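query-v4.txt (compact mmCIF, C-alpha atoms and all ligand atoms) appears below.
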```txt
# COMPACT_ATOMS: atom_id res chain seq x y z
CA MET A 21 185.83 72.50 134.05
CA LYS A 22 182.86 73.51 136.19
CA ARG A 23 182.26 71.02 138.97
CA PRO A 24 178.77 69.70 139.70
CA THR A 25 177.22 70.12 143.15
CA ILE A 26 179.37 67.88 145.34
CA LEU A 27 177.42 65.46 147.53
CA LEU A 28 178.99 65.15 150.98
CA ASN A 29 176.00 63.21 152.35
CA PRO A 30 176.47 59.49 153.06
CA GLY A 31 175.02 58.35 149.74
CA PRO A 32 173.94 58.80 147.08
CA VAL A 33 177.33 60.01 145.86
CA THR A 34 178.60 62.31 143.13
CA LEU A 35 179.03 59.92 140.18
CA THR A 36 182.03 59.87 137.91
CA GLU A 37 181.18 60.81 134.34
CA ARG A 38 181.99 57.26 133.28
CA VAL A 39 179.43 55.75 135.66
CA ARG A 40 176.83 58.39 134.76
CA GLN A 41 177.19 57.53 131.06
CA ALA A 42 176.58 53.85 131.82
CA LEU A 43 173.11 54.79 133.06
CA VAL A 44 172.06 55.94 129.60
CA ARG A 45 173.98 53.45 127.46
CA GLU A 46 171.06 51.30 126.31
CA ASP A 47 167.66 50.01 127.35
CA ILE A 48 167.74 46.32 128.02
CA CYS A 49 165.09 43.76 128.90
CA HIS A 50 165.72 41.60 131.94
CA ARG A 51 164.73 38.49 129.95
CA GLU A 52 167.33 38.99 127.19
CA PRO A 53 170.92 37.73 126.83
CA GLU A 54 172.38 41.21 127.44
CA PHE A 55 170.92 41.15 130.91
CA VAL A 56 172.15 37.62 131.61
CA ALA A 57 175.69 38.76 130.80
CA LEU A 58 175.38 41.97 132.82
CA LEU A 59 173.96 40.23 135.87
CA ALA A 60 176.65 37.53 135.77
CA ASP A 61 179.36 40.18 135.51
CA VAL A 62 178.07 42.26 138.43
CA ARG A 63 177.58 39.20 140.64
CA ALA A 64 181.11 37.96 139.91
CA ARG A 65 182.67 41.38 140.52
CA LEU A 66 180.77 41.87 143.78
CA ALA A 67 181.90 38.49 145.10
CA ARG A 68 185.54 39.38 144.48
CA VAL A 69 185.60 42.91 145.89
CA TYR A 70 186.92 41.04 148.94
CA ALA A 71 189.18 38.19 147.84
CA ALA A 72 188.24 36.20 150.96
CA ALA A 73 184.56 36.15 149.97
CA ASP A 74 185.08 34.88 146.44
CA GLU A 75 185.33 31.23 147.49
CA GLY A 76 182.34 30.65 149.70
CA TYR A 77 179.91 33.52 149.12
CA GLU A 78 177.41 34.45 146.42
CA ALA A 79 176.11 37.92 145.62
CA VAL A 80 172.32 38.14 145.54
CA ILE A 81 171.07 41.34 143.93
CA VAL A 82 167.84 43.14 144.76
CA SER A 83 166.33 46.35 143.41
CA GLY A 84 165.93 48.80 146.27
CA SER A 85 168.02 50.95 148.60
CA GLY A 86 170.40 49.65 151.27
CA THR A 87 167.54 49.16 153.71
CA CYS A 88 166.02 46.69 151.25
CA ALA A 89 169.16 44.53 151.30
CA VAL A 90 169.38 44.65 155.11
CA GLU A 91 165.73 43.69 155.49
CA ALA A 92 166.02 40.93 152.88
CA MET A 93 169.05 39.55 154.77
CA LEU A 94 167.21 39.49 158.10
CA SER A 95 164.04 38.23 156.47
CA SER A 96 165.81 35.33 154.76
CA PHE A 97 168.30 34.26 157.43
CA ALA A 98 167.09 35.28 160.89
CA PRO A 99 165.20 32.30 162.31
CA GLY A 100 161.58 32.40 163.30
CA ASP A 101 162.05 29.61 165.85
CA GLY A 102 165.49 30.56 167.25
CA LYS A 103 166.56 34.05 168.26
CA THR A 104 168.64 36.84 166.75
CA LEU A 105 170.71 39.16 168.92
CA VAL A 106 170.98 42.71 167.57
CA VAL A 107 173.92 44.83 168.76
CA ALA A 108 173.08 48.50 168.28
CA ASN A 109 174.86 51.81 168.80
CA GLY A 110 172.99 54.01 166.38
CA VAL A 111 170.05 54.44 164.03
CA TYR A 112 170.92 51.54 161.75
CA GLY A 113 171.43 48.94 164.46
CA GLU A 114 168.15 49.94 166.06
CA ARG A 115 166.48 49.77 162.64
CA MET A 116 167.54 46.12 162.32
CA ALA A 117 165.82 45.37 165.63
CA THR A 118 162.68 47.08 164.32
CA MET A 119 162.82 45.03 161.11
CA LEU A 120 162.86 41.81 163.13
CA THR A 121 160.00 42.98 165.33
CA VAL A 122 157.93 43.94 162.29
CA ALA A 123 158.60 40.47 160.85
CA GLY A 124 157.39 38.86 164.08
CA LYS A 125 160.90 37.65 164.99
CA GLU A 126 161.31 39.36 168.38
CA PRO A 127 165.01 40.36 168.67
CA VAL A 128 167.25 40.26 171.72
CA LEU A 129 168.65 43.82 171.75
CA VAL A 130 171.94 44.90 173.31
CA ARG A 131 171.91 48.64 172.93
CA ALA A 132 174.58 51.27 173.56
CA GLU A 133 174.31 55.07 173.37
CA TRP A 134 174.76 56.46 169.87
CA LEU A 135 178.18 57.95 170.53
CA ASP A 136 179.49 54.90 172.38
CA GLU A 137 181.11 51.63 171.33
CA MET A 138 179.04 48.46 171.00
CA ASN A 139 178.88 46.59 174.28
CA LEU A 140 181.09 43.50 173.87
CA ARG A 141 180.92 42.34 177.52
CA GLU A 142 177.14 42.40 177.53
CA VAL A 143 176.94 40.58 174.19
CA GLU A 144 179.25 37.87 175.51
CA ARG A 145 177.19 37.49 178.68
CA VAL A 146 173.90 37.25 176.77
CA LEU A 147 175.23 34.78 174.19
CA GLU A 148 176.77 32.51 176.79
CA GLY A 149 173.51 32.47 178.72
CA ASP A 150 171.16 31.71 175.84
CA ALA A 151 171.85 28.83 173.46
CA SER A 152 168.71 29.59 171.45
CA ILE A 153 170.39 32.69 169.95
CA SER A 154 171.70 31.39 166.63
CA HIS A 155 172.44 34.71 164.86
CA VAL A 156 174.04 38.04 165.76
CA ALA A 157 173.22 41.12 163.66
CA LEU A 158 175.27 44.31 163.81
CA VAL A 159 176.37 47.34 161.82
CA HIS A 160 179.93 47.73 160.54
CA ASN A 161 180.16 51.48 159.98
CA GLU A 162 177.43 53.10 162.13
CA THR A 163 176.75 56.08 159.90
CA THR A 164 174.81 57.81 162.69
CA SER A 165 178.06 58.80 164.40
CA GLY A 166 180.56 57.74 161.73
CA ARG A 167 182.00 55.16 164.11
CA LEU A 168 183.67 52.20 162.41
CA ASN A 169 182.61 49.47 164.82
CA ASP A 170 185.48 47.14 165.62
CA LEU A 171 183.93 43.84 164.53
CA ALA A 172 186.97 41.63 165.15
CA PRO A 173 186.17 40.75 168.82
CA PHE A 174 182.48 40.23 167.99
CA GLY A 175 183.41 38.03 165.04
CA ALA A 176 185.84 36.02 167.14
CA LEU A 177 183.15 35.60 169.81
CA CYS A 178 180.61 34.38 167.23
CA LYS A 179 183.16 31.97 165.83
CA ARG A 180 184.02 30.61 169.29
CA LEU A 181 180.37 30.19 170.30
CA GLY A 182 179.20 28.96 166.88
CA ARG A 183 176.79 31.83 166.18
CA ALA A 184 176.31 33.24 162.66
CA LEU A 185 177.05 36.91 161.98
CA LEU A 186 174.75 39.10 159.86
CA ILE A 187 176.40 42.42 158.98
CA ASP A 188 174.94 45.71 157.78
CA ALA A 189 177.94 46.86 155.75
CA VAL A 190 175.89 49.33 153.72
CA SER A 191 178.29 52.21 154.37
CA SER A 192 181.56 50.26 154.51
CA PHE A 193 181.46 47.67 151.73
CA GLY A 194 184.13 48.57 149.17
CA ALA A 195 186.31 50.64 151.50
CA GLU A 196 186.71 49.04 154.93
CA GLU A 197 188.12 45.65 155.82
CA LEU A 198 185.74 42.68 156.27
CA SER A 199 187.13 39.34 157.53
CA PHE A 200 184.66 36.80 156.24
CA ALA A 201 186.26 33.61 157.54
CA ASP A 202 187.50 34.86 160.92
CA TRP A 203 184.14 36.36 161.89
CA ASN A 204 181.84 33.43 161.08
CA VAL A 205 180.00 35.65 158.59
CA ALA A 206 176.68 34.26 157.31
CA ALA A 207 175.79 37.31 155.23
CA VAL A 208 176.72 40.92 154.53
CA ALA A 209 174.25 43.49 153.18
CA ALA A 210 175.39 46.50 151.15
CA THR A 211 174.41 48.93 148.42
CA ALA A 212 175.50 50.28 145.04
CA ASN A 213 175.52 53.96 145.94
CA LYS A 214 177.90 54.38 148.86
CA CYS A 215 181.53 53.22 148.84
CA LEU A 216 181.08 51.43 145.49
CA HIS A 217 180.19 54.74 143.75
CA GLY A 218 177.20 53.44 141.80
CA ALA A 219 173.77 55.04 141.42
CA PRO A 220 170.95 54.40 143.92
CA GLY A 221 168.41 51.65 143.23
CA ILE A 222 170.38 48.41 143.48
CA SER A 223 171.53 46.74 146.67
CA PHE A 224 172.82 43.26 147.43
CA VAL A 225 173.64 40.62 150.00
CA LEU A 226 176.75 38.46 149.96
CA ALA A 227 175.70 35.21 151.59
CA ARG A 228 177.29 31.83 152.13
CA ARG A 229 176.81 29.67 149.04
CA ASP A 230 176.22 26.44 150.98
CA GLU A 231 173.43 28.08 152.98
CA LEU A 232 171.79 29.49 149.83
CA GLU A 233 172.01 26.13 148.09
CA THR A 234 171.05 23.76 150.86
CA GLY A 235 169.50 25.87 153.63
CA ALA A 236 165.89 26.81 154.07
CA SER A 237 164.59 30.36 153.75
CA ARG A 238 163.12 31.94 156.85
CA ALA A 239 161.46 34.70 154.84
CA GLY A 240 157.91 35.64 155.70
CA SER A 241 157.89 37.80 152.58
CA LEU A 242 157.93 36.86 148.92
CA TYR A 243 159.70 39.95 147.58
CA LEU A 244 162.43 39.91 150.25
CA ASP A 245 163.24 36.20 149.96
CA LEU A 246 166.91 35.99 148.93
CA PHE A 247 166.67 32.24 148.31
CA ARG A 248 164.12 32.97 145.58
CA TYR A 249 166.41 35.58 143.98
CA HIS A 250 169.46 33.37 144.25
CA ALA A 251 167.80 30.33 142.63
CA GLN A 252 167.05 32.42 139.54
CA GLN A 253 170.14 34.63 139.49
CA VAL A 254 172.52 31.65 139.24
CA THR A 255 170.78 30.89 135.93
CA GLY A 256 171.14 34.52 134.78
CA SER A 257 167.50 35.33 135.35
CA SER A 258 165.73 37.58 137.81
CA PRO A 259 162.39 36.85 139.48
CA PHE A 260 161.20 40.45 139.12
CA THR A 261 162.00 43.45 136.92
CA SER A 262 165.51 44.59 137.79
CA ALA A 263 166.71 48.22 137.86
CA VAL A 264 168.65 47.50 134.68
CA HIS A 265 170.17 50.95 134.09
CA VAL A 266 171.37 51.15 137.68
CA LEU A 267 172.80 47.65 137.38
CA ALA A 268 174.79 48.72 134.31
CA ALA A 269 176.11 51.71 136.25
CA LEU A 270 177.12 49.47 139.15
CA ASP A 271 179.01 47.23 136.73
CA GLU A 272 180.95 50.25 135.46
CA ALA A 273 181.59 51.44 139.02
CA LEU A 274 182.96 48.01 139.96
CA ILE A 275 185.27 48.03 136.94
CA GLU A 276 186.45 51.49 138.01
CA LEU A 277 187.09 50.24 141.55
CA GLU A 278 189.14 47.30 140.27
CA GLU A 279 191.16 49.48 137.91
CA ALA A 280 191.91 51.93 140.72
CA GLY A 281 193.32 49.17 142.91
CA GLY A 282 190.38 47.87 144.92
CA VAL A 283 189.34 48.22 148.54
CA GLU A 284 192.75 49.14 150.03
CA GLN A 285 193.29 51.88 147.51
CA ARG A 286 189.79 53.28 148.02
CA ARG A 287 190.22 53.31 151.78
CA ALA A 288 193.57 55.09 151.43
CA ARG A 289 192.00 57.72 149.19
CA TYR A 290 189.11 58.25 151.63
CA GLN A 291 191.55 58.53 154.54
CA THR A 292 193.53 61.21 152.73
CA LEU A 293 190.37 63.22 152.03
CA ALA A 294 188.90 62.72 155.52
CA GLU A 295 192.15 63.63 157.29
CA ARG A 296 192.33 66.91 155.41
CA VAL A 297 188.74 67.79 156.25
CA ARG A 298 189.13 66.78 159.92
CA THR A 299 192.41 68.65 160.40
CA SER A 300 191.20 71.79 158.65
CA LEU A 301 187.91 71.95 160.53
CA ASP A 302 189.68 71.28 163.82
CA GLU A 303 191.93 74.28 163.10
CA LEU A 304 188.76 76.32 162.61
CA GLY A 305 187.48 75.25 166.02
CA ILE A 306 185.14 72.50 164.81
CA PRO A 307 186.08 69.22 166.51
CA THR A 308 184.88 65.76 165.53
CA LEU A 309 181.95 64.38 167.53
CA ILE A 310 183.76 61.17 168.56
CA ASP A 311 187.52 60.70 168.69
CA ARG A 312 189.14 60.77 165.29
CA GLY A 313 190.64 57.31 165.59
CA SER A 314 187.15 55.77 165.86
CA LEU A 315 185.79 57.32 162.67
CA SER A 316 185.52 55.32 159.48
CA SER A 317 187.30 56.47 156.34
CA MET A 318 184.15 57.52 154.48
CA ILE A 319 182.47 59.94 156.89
CA SER A 320 183.23 62.45 159.64
CA SER A 321 180.80 63.71 162.25
CA PHE A 322 181.39 67.19 163.71
CA ARG A 323 179.99 69.39 166.45
CA LEU A 324 178.04 72.32 165.09
CA PRO A 325 179.97 75.54 165.75
CA ASP A 326 178.48 77.85 168.40
CA GLY A 327 175.94 80.37 167.18
CA CYS A 328 175.20 78.49 163.97
CA THR A 329 172.24 76.24 163.25
CA TYR A 330 172.46 73.25 160.97
CA ALA A 331 170.10 74.90 158.49
CA GLU A 332 172.29 78.01 158.26
CA LEU A 333 175.44 75.97 157.71
CA HIS A 334 173.75 73.69 155.21
CA ASP A 335 172.27 76.54 153.17
CA ALA A 336 175.48 78.56 153.09
CA LEU A 337 177.48 75.55 151.89
CA ARG A 338 174.78 74.59 149.43
CA GLU A 339 175.11 78.05 147.84
CA ARG A 340 178.81 77.32 147.43
CA GLY A 341 178.21 73.96 145.73
CA PHE A 342 178.25 71.42 148.57
CA VAL A 343 175.58 69.26 150.20
CA ILE A 344 176.36 68.33 153.81
CA TYR A 345 174.23 66.10 156.05
CA ALA A 346 172.36 66.60 159.33
CA GLY A 347 172.55 64.51 162.47
CA GLN A 348 169.71 62.13 163.29
CA GLY A 349 167.32 61.96 166.24
CA ALA A 350 168.48 63.69 169.41
CA LEU A 351 171.76 64.63 167.69
CA SER A 352 170.10 66.65 164.93
CA ASP A 353 170.60 70.04 166.63
CA SER A 354 174.18 69.54 167.73
CA MET A 355 176.06 67.93 164.87
CA PHE A 356 176.58 67.69 161.13
CA ARG A 357 178.26 65.13 158.89
CA ILE A 358 180.59 65.24 155.93
CA ALA A 359 181.05 62.11 153.85
CA ASN A 360 183.86 61.83 151.34
CA MET A 361 182.71 59.12 148.93
CA GLY A 362 182.20 59.47 145.20
CA ASP A 363 183.95 61.60 142.61
CA ILE A 364 185.60 64.11 144.95
CA THR A 365 188.83 65.80 143.87
CA ASP A 366 191.53 67.46 145.97
CA GLY A 367 190.34 70.74 144.46
CA ASP A 368 186.81 70.11 145.78
CA VAL A 369 188.22 69.71 149.29
CA ASP A 370 190.26 72.94 148.85
CA ARG A 371 187.06 74.78 147.92
CA LEU A 372 185.12 73.21 150.80
CA ILE A 373 187.71 74.29 153.36
CA ALA A 374 187.85 77.79 151.85
CA ALA A 375 184.05 77.97 152.16
CA PHE A 376 184.19 77.04 155.86
CA ARG A 377 186.92 79.68 156.46
CA GLU A 378 184.85 82.32 154.75
CA LEU A 379 181.65 81.39 156.64
CA LEU A 380 183.35 81.37 160.02
CA GLY A 381 185.28 84.55 159.24
CA ARG A 382 188.58 82.96 160.21
C1 LIG B 1 172.73 54.34 154.38
C2 LIG B 1 172.65 53.23 155.35
C3 LIG B 1 171.58 52.32 155.38
C4 LIG B 1 170.33 52.50 154.60
O1 LIG B 1 170.52 52.66 153.28
P1 LIG B 1 169.35 53.33 152.37
O2 LIG B 1 170.00 53.25 151.03
O3 LIG B 1 169.17 54.73 152.87
O4 LIG B 1 168.15 52.49 152.48
C5 LIG B 1 171.66 51.23 156.24
N1 LIG B 1 172.71 51.06 157.05
C6 LIG B 1 173.75 51.93 157.07
C7 LIG B 1 174.87 51.66 158.00
C8 LIG B 1 173.76 53.03 156.23
O5 LIG B 1 174.77 53.90 156.25
```

Could I get this structure in the form of structure tokens?
Amino acid sequence: MKRPTILLNPGPVTLTERVRQALVREDICHREPEFVALLADVRARLARVYAAADEGYEAVIVSGSGTCAVEAMLSSFAPGDGKTLVVANGVYGERMATMLTVAGKEPVLVRAEWLDEMNLREVERVLEGDASISHVALVHNETTSGRLNDLAPFGALCKRLGRALLIDAVSSFGAEELSFADWNVAAVAATANKCLHGAPGISFVLARRDELETGASRAGSLYLDLFRYHAQQVTGSSPFTSAVHVLAALDEALIELEEAGGVEQRRARYQTLAERVRTSLDELGIPTLIDRGSLSSMISSFRLPDGCTYAELHDALRERGFVIYAGQGALSDSMFRIANMGDITDGDVDRLIAAFRELLGR
């Protein structure tokens, strides 16, 4: 069977046929019983993607891309009177700091270079010296470099010092491990169209139920107020028109994930695909941008080969049926990225590697 163009960008992903069909199944109104059932099903499945979250966390669904969920999380939970520390080592961490600034909640920023690890020592020093910092926001898989940030020591620190953790898990939710209880997690933001293999347009926040039920919203925005969404979603309703078709596709994608064996199985599959791509490109003289052991399972960042621009590489691979992804900011001329989420077969990876061999004449 002819394969579609394979998306190797970090979302949206190549959909399975089963998920694609769910997009066109039926038109439903978000005030009708069909929607109530669909919403309840998606919320329940999202809460149990990680068994440890099922007890104390609720999924709050918003229509919008991953950025929407991250901004809604910060809007709703980051205090206006206390402070939020943002730990950044890439585009997405820095974006969280910008979101807070835009909302008038000036962040405390501990920044590291984009190819480096997050700065644990500095975070510890800042937290111990400032009791008015109640929340710490950071990115799990920093898609900028592909680094899977090691959250365990940051989570343990937050737990020890009684600070609440807000995680951008947009590119890790569904594939990488998240330890809700050990890390003092207040909320996790993620999206339908990365490791969960849904279509773009729906994103969500898993937040502590007790906080949603008894806490007060800090949102300075009506549309991004998760407390408002939660109050209605527990009754099966939605305050605004939901992306119903995309929600149906997410439901199907979550069923597919469960049937395939869940998070561990998905991570194992990603690791198999990523290892093949990394090993094959290394043999062709294209090393990873950071050490292989620091990369997440869903994406690899590589140095651009000498004498080849990103545009040339992109266009040549595009002609052969693959979409790769550029670097961001100052890294845009020196790197490229290959994600391995979505409906990617072993045969697709064979063809990708053959295409690289052909292009590099090796
Ligand atoms: C993709 C991504 C986002 C933003 O998601 P959009 O869907 O592009 O809005 C945020 N954080 C991380 C870590 C991401 O990988």

Select, from A:Gln348, A:Ser152, A:Gln252, A:Ser96, the residue with the minimum atom-to-atom distance to ligand LIG 1 (chain B), counting all atoms listed in the file. A:Gln348

Best match for closeness to ligand LIG 1 (chain B) among A:Gly341, A:Gly362, A:Gly349, A:Pro220, counting all atoms listed in the file: A:Pro220

For atom CA of A:Phe224 and atom CA of A:Glu278, the interatomic separation in Å (one decimal):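 Atom CA of A:Phe224 sits 18.3 Å away from atom CA of A:Glu278.
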
Take every atom of ligand LIG 1 (chain B) listed in the file, fit an axis-aligned box around them, add 5 Å per side, and give the centre and edge lengths in Å to one decimal as AutoDock Vina command-line options.
```
--center_x 171.5 --center_y 52.9 --center_z 154.5 --size_x 16.7 --size_y 13.7 --size_z 17.0
```

Would you work out the distance separating atom CA of A:Phe322 from atom CA of A:Ile306, expressed in Å to one decimal?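 Calculated distance between atom CA of A:Phe322 and atom CA of A:Ile306 is 6.6 Å.
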
Point-to-point distance in Å for atom CA of A:Leu242 and atom CA of A:Ser95: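 If I compute the distance from atom CA of A:Ser95 to atom CA of A:Leu242, I get 9.8 Å.
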
Close residues, A:Asp101 itself excluded, 10 Å, all atoms listed in the file, min 6 positions apart in chain, as a list in words: Lys125, Ser152, Ile153, Ser154 and Arg238 of chain A

Using all atoms listed in the file, which residues have at least one atom no more than 9 Å from ligand LIG 1 (chain B)? Output them as a PyMOL selection string. chain A and resi 30-32+84-90+110-113+115-116+159-164+166+188-192+209-214+220-223

List as a count of residues only the protein and nucleic acid residues near A:Gly235, meaning an atom at most 10 Å away when all atoms listed in the file are counted, but skip any in the same chain fewer than 6 places from it. 4

Closest of A:Val264, A:Val369, A:Ala294, A:Leu186 to A:Leu105 - atom-to-atom distances counting all atoms listed in the file: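 Going through A:Val264, A:Val369, A:Ala294, A:Leu186 one by one, the smallest distance to A:Leu105 is for A:Leu186.
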
Within 12 Å of A:Leu301 using only C-alpha atoms, minus same-chain residues under 2 positions, as a PyMOL selection string: chain A and resi 294-299+303-309+320-325+357-358+369-370+372-377+379-380+382

With all atoms listed in the file as the atoms that count, which of A:Met318, A:Val56, A:Leu226, A:Leu244 lies nearest to A:Val69?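 Looking only at the distances to A:Val69, the closest residue turns out to be A:Leu226.
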
So that I can check the surroundings of A:Ala206, please list as number ranges by chain every protein, DNA and RNA residue that reaches within 12 Å of it, counting only C-alpha atoms and ignoring chain neighbours fewer than 5 positions away. A: 73, 76-78, 93-94, 96-98, 154-157, 175, 178-179, 182-188, 199-201, 225-232, 235

For stretch 99-120 of chain A, supply N, CA, C and O atoms and format the output as an mmCIF file, in the coordinates of the input.
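File selection-v1.cif, as written:
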```cif
data_model
loop_
_atom_site.group_PDB
_atom_site.id
_atom_site.type_symbol
_atom_site.label_atom_id
_atom_site.label_comp_id
_atom_site.auth_asym_id
_atom_site.auth_seq_id
_atom_site.Cartn_x
_atom_site.Cartn_y
_atom_site.Cartn_z
ATOM 1 N N PRO A 99 166.183 33.375 162.097
ATOM 2 C CA PRO A 99 165.200 32.300 162.310
ATOM 3 C C PRO A 99 163.909 32.785 162.959
ATOM 4 O O PRO A 99 163.913 33.746 163.719
ATOM 5 N N GLY A 100 162.841 32.109 162.645
ATOM 6 C CA GLY A 100 161.580 32.400 163.300
ATOM 7 C C GLY A 100 161.447 31.609 164.588
ATOM 8 O O GLY A 100 160.797 32.025 165.535
ATOM 9 N N ASP A 101 162.123 30.445 164.649
ATOM 10 C CA ASP A 101 162.050 29.610 165.850
ATOM 11 C C ASP A 101 163.159 29.943 166.847
ATOM 12 O O ASP A 101 162.912 30.063 168.032
ATOM 13 N N GLY A 102 164.409 30.129 166.347
ATOM 14 C CA GLY A 102 165.490 30.560 167.250
ATOM 15 C C GLY A 102 165.475 32.062 167.409
ATOM 16 O O GLY A 102 164.517 32.725 167.029
ATOM 17 N N LYS A 103 166.532 32.609 168.023
ATOM 18 C CA LYS A 103 166.560 34.050 168.260
ATOM 19 C C LYS A 103 167.730 34.728 167.571
ATOM 20 O O LYS A 103 168.762 34.107 167.309
ATOM 21 N N THR A 104 167.570 36.016 167.310
ATOM 22 C CA THR A 104 168.640 36.840 166.750
ATOM 23 C C THR A 104 168.968 37.955 167.737
ATOM 24 O O THR A 104 168.074 38.663 168.195
ATOM 25 N N LEU A 105 170.249 38.068 168.057
ATOM 26 C CA LEU A 105 170.710 39.160 168.920
ATOM 27 C C LEU A 105 171.113 40.333 168.037
ATOM 28 O O LEU A 105 171.891 40.166 167.089
ATOM 29 N N VAL A 106 170.587 41.508 168.315
ATOM 30 C CA VAL A 106 170.980 42.710 167.570
ATOM 31 C C VAL A 106 171.842 43.578 168.488
ATOM 32 O O VAL A 106 171.449 43.880 169.614
ATOM 33 N N VAL A 107 173.031 43.939 168.001
ATOM 34 C CA VAL A 107 173.920 44.830 168.760
ATOM 35 C C VAL A 107 173.806 46.204 168.114
ATOM 36 O O VAL A 107 174.105 46.359 166.937
ATOM 37 N N ALA A 108 173.354 47.192 168.883
ATOM 38 C CA ALA A 108 173.080 48.500 168.280
ATOM 39 C C ALA A 108 173.809 49.628 169.001
ATOM 40 O O ALA A 108 173.877 49.647 170.229
ATOM 41 N N ASN A 109 174.374 50.552 168.232
ATOM 42 C CA ASN A 109 174.860 51.810 168.800
ATOM 43 C C ASN A 109 174.593 52.964 167.835
ATOM 44 O O ASN A 109 175.424 53.833 167.627
ATOM 45 N N GLY A 110 173.375 52.931 167.281
ATOM 46 C CA GLY A 110 172.990 54.010 166.380
ATOM 47 C C GLY A 110 171.690 53.673 165.673
ATOM 48 O O GLY A 110 171.048 52.651 165.954
ATOM 49 N N VAL A 111 171.312 54.557 164.761
ATOM 50 C CA VAL A 111 170.050 54.440 164.030
ATOM 51 C C VAL A 111 169.933 53.104 163.307
ATOM 52 O O VAL A 111 168.892 52.446 163.340
ATOM 53 N N TYR A 112 171.027 52.695 162.657
ATOM 54 C CA TYR A 112 170.920 51.540 161.750
ATOM 55 C C TYR A 112 170.869 50.213 162.497
ATOM 56 O O TYR A 112 170.199 49.277 162.051
ATOM 57 N N GLY A 113 171.556 50.131 163.630
ATOM 58 C CA GLY A 113 171.430 48.940 164.460
ATOM 59 C C GLY A 113 170.021 48.832 165.018
ATOM 60 O O GLY A 113 169.396 47.762 164.997
ATOM 61 N N GLU A 114 169.510 49.956 165.506
ATOM 62 C CA GLU A 114 168.150 49.940 166.060
ATOM 63 C C GLU A 114 167.118 49.617 164.978
ATOM 64 O O GLU A 114 166.117 48.965 165.231
ATOM 65 N N ARG A 115 167.400 50.079 163.740
ATOM 66 C CA ARG A 115 166.480 49.770 162.640
ATOM 67 C C ARG A 115 166.428 48.269 162.374
ATOM 68 O O ARG A 115 165.374 47.721 162.043
ATOM 69 N N MET A 116 167.548 47.583 162.528
ATOM 70 C CA MET A 116 167.540 46.120 162.320
ATOM 71 C C MET A 116 166.649 45.441 163.348
ATOM 72 O O MET A 116 165.934 44.483 163.031
ATOM 73 N N ALA A 117 166.694 45.937 164.597
ATOM 74 C CA ALA A 117 165.820 45.370 165.630
ATOM 75 C C ALA A 117 164.354 45.593 165.243
ATOM 76 O O ALA A 117 163.516 44.695 165.384
ATOM 77 N N THR A 118 164.055 46.785 164.739
ATOM 78 C CA THR A 118 162.680 47.080 164.320
ATOM 79 C C THR A 118 162.244 46.158 163.177
ATOM 80 O O THR A 118 161.114 45.664 163.156
ATOM 81 N N MET A 119 163.153 45.922 162.229
ATOM 82 C CA MET A 119 162.820 45.030 161.110
ATOM 83 C C MET A 119 162.415 43.644 161.612
ATOM 84 O O MET A 119 161.469 43.041 161.114
ATOM 85 N N LEU A 120 163.173 43.140 162.594
ATOM 86 C CA LEU A 120 162.860 41.810 163.130
ATOM 87 C C LEU A 120 161.513 41.832 163.842
ATOM 88 O O LEU A 120 160.706 40.916 163.676
#
```
